[in-house]
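Chemist: Sharing a structure here in structure tokens format.
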Amino acid sequence: MNLTKSLLLTLSLGLSACLSMDTPTNLKPIPEWLKALIDELSTAPVANPPAKIIRYFYDGATVYYLPPRCCDIRSVLYDVDGNIICHPDGGITGSGDGQCPDFRDTKTDEVIILRDERN
């Protein structure tokens with residue numbers, strides 16, 4: 001299965017899972033900036049570990065989390081408009097930038113938006 005089909009399948013499954021839930025917080029459309037990020041990740045070489053984007057509810061808002069990748073790269077936490085909130089983990093120390101140290105313990109409502117399944 002090529003990457004585009006894999007991404008579309010992942011997005012479709014994620015959206016169908018969201019639509020089958022009752023709570024309005026799970027019925028979020030994918031923002032345009034996030035679609036662009038998905039396109040960017042899909043054309044980049046496969047990361048180690050492979051790229052993943054996860055939607056959470058954190059600090060009273062919907063956020064999107066790009067986990068850390070190989071070799072001291074920090075994670076990125078985005079708000080719904082695509083602005084970087086912080087880097088919760090990863091980096092040389094593994095603790096990110098220290099701007100949202102409670103993210104790991106207080107995030108809720110996990111929904112995987114993208115899982116790069118290329119080999």
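Ordered as shown in the structure tokens, chains take letters A, B, and onward, while each chain numbers its residues from 1 and ligands are numbered from 1 in the order shown.
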I'd like the neighbourhood of Thr62 (chain A) as a PDB file with N, CA and C atoms, in the first residue's frame, where a residue qualifies if any of its atoms comes within 8 Å (using only C-alpha atoms), though same-chain residues fewer than 6 positions away should be ignored.
Modeler:
```
ATOM      1  N   ARG A  55      -3.908  13.614  18.561  1.00  0.00           N
ATOM      2  CA  ARG A  55      -4.721  14.705  19.090  1.00  0.00           C
ATOM      3  C   ARG A  55      -5.067  14.392  20.545  1.00  0.00           C
ATOM      4  N   TYR A  56      -4.949  15.405  21.393  1.00  0.00           N
ATOM      5  CA  TYR A  56      -5.300  15.278  22.810  1.00  0.00           C
ATOM      6  C   TYR A  56      -6.122  16.477  23.237  1.00  0.00           C
ATOM      7  N   ASP A  79      -1.175  24.023  19.019  1.00  0.00           N
ATOM      8  CA  ASP A  79      -2.569  24.348  19.302  1.00  0.00           C
ATOM      9  C   ASP A  79      -3.378  24.109  18.029  1.00  0.00           C
ATOM     10  N   VAL A  80      -4.688  24.355  18.069  1.00  0.00           N
ATOM     11  CA  VAL A  80      -5.544  24.069  16.920  1.00  0.00           C
ATOM     12  C   VAL A  80      -5.248  24.934  15.707  1.00  0.00           C
TER      13      VAL A  80
END
```
Chemist: What lies within 12 Å of Ser95 (chain A) using only C-alpha atoms, ignoring chain neighbours under 2 positions off, as a list of chain:residue names?
Modeler: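 That gives A:Pro68, A:Asp72, A:Ile73, A:Arg74, A:Ser75, A:Val76, A:Cys86, A:His87, A:Pro88, A:Asp89, A:Gly90, A:Gly91, A:Ile92, A:Thr93, A:Asp97, A:Gly98, A:Gln99, A:Cys100, A:Pro101, A:Asp102, A:Phe103, A:Arg104.
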Chemist: Looking at A:Asn83, A:Thr106, A:Ser42, A:Asn48, which one is nearest to Pro67 (chain A), with distances taken over only C-alpha atoms?
Modeler: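 Closest to Pro67 (chain A), using only C-alpha atoms: A:Asn48.
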Chemist: For Asp109 (chain A), which of A:Ile84, A:Ile38, A:Ala61, A:Cys71 is the closest residue, counting only C-alpha atoms?
Modeler: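 Nearest to Asp109 (chain A): A:Ala61.
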Chemist: From a DSSP pass on the backbone, collect the residues of region 7-117 of chain A flagged as alpha helix (DSSP H) and hand them back as a ChimeraX atom specification.
Modeler: /A:7-19,32-43,103-106
Chemist: Can I get the selection written as a CSV table (one decimal), in the first residue's frame, with C-alpha atoms?
Modeler:
```csv
chain,number,residue,atom,x,y,z
A,7,LEU,CA,-2.4,8.1,5.2
A,8,LEU,CA,-5.9,8.3,3.8
A,9,LEU,CA,-6.9,5.0,5.4
A,10,THR,CA,-5.4,6.1,8.7
A,11,LEU,CA,-7.3,9.4,8.5
A,12,SER,CA,-10.5,7.7,7.4
A,13,LEU,CA,-10.3,5.2,10.2
A,14,GLY,CA,-9.5,7.9,12.7
A,15,LEU,CA,-12.4,10.1,11.6
A,16,SER,CA,-14.8,7.2,11.5
A,17,ALA,CA,-13.8,6.2,15.0
A,18,CYS,CA,-14.4,9.8,16.1
A,19,LEU,CA,-17.7,10.0,14.4
A,32,GLU,CA,-5.6,22.8,6.9
A,33,TRP,CA,-2.2,23.4,8.6
A,34,LEU,CA,-2.3,19.8,9.9
A,35,LYS,CA,-3.1,18.5,6.5
A,36,ALA,CA,0.0,20.3,5.2
A,37,LEU,CA,2.1,18.8,8.0
A,38,ILE,CA,0.9,15.4,7.2
A,39,ASP,CA,1.8,16.0,3.5
A,40,GLU,CA,5.3,17.1,4.6
A,41,LEU,CA,5.8,14.1,6.8
A,42,SER,CA,4.6,11.8,4.0
A,43,THR,CA,7.2,13.0,1.6
A,103,PHE,CA,1.5,17.4,29.6
A,104,ARG,CA,2.3,13.7,30.0
A,105,ASP,CA,0.2,13.4,33.2
A,106,THR,CA,-2.8,15.6,32.3
```
Chemist: May I ask for the distance between CA of Pro45 (chain A) and CA of Pro29 (chain A), given in Å to one decimal place?
Modeler: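 Computing the Euclidean distance for CA of Pro45 (chain A) and CA of Pro29 (chain A) yields 26.7 Å.
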Chemist: Enter the distance from CA of Pro31 (chain A) to CA of Gly94 (chain A), in Å, rounded to one decimal.
Modeler: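 So the answer is 28.7 Å.
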Chemist: A:Leu114, A:Val46, A:Val63, A:Ala51: which is nearest Gly82 (chain A), counting only C-alpha atoms?
Modeler: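 With only C-alpha atoms as the atom set, the closest residue is A:Val63.
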Chemist: Using only C-alpha atoms, which residue out of A:Tyr64, A:Arg69, A:Arg118, A:Gly96 lies closest to Asp81 (chain A)?
Modeler: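 Distance minimum relative to Asp81 (chain A) lands on A:Tyr64.
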Chemist: Using DSSP on the backbone coordinates, identify all residues within region 20-118 of chain A classified as strand (DSSP E or B); present the result as a PyMOL selection string.
Modeler: chain A and resi 52-58+61-66+74+76-79+84-86+90+95+108-115
Chemist: Have a look at CA of Lys52 (chain A) and CA of Glu117 (chain A) and let me know their distance in Å, one decimal.
Modeler: 9.3 Å
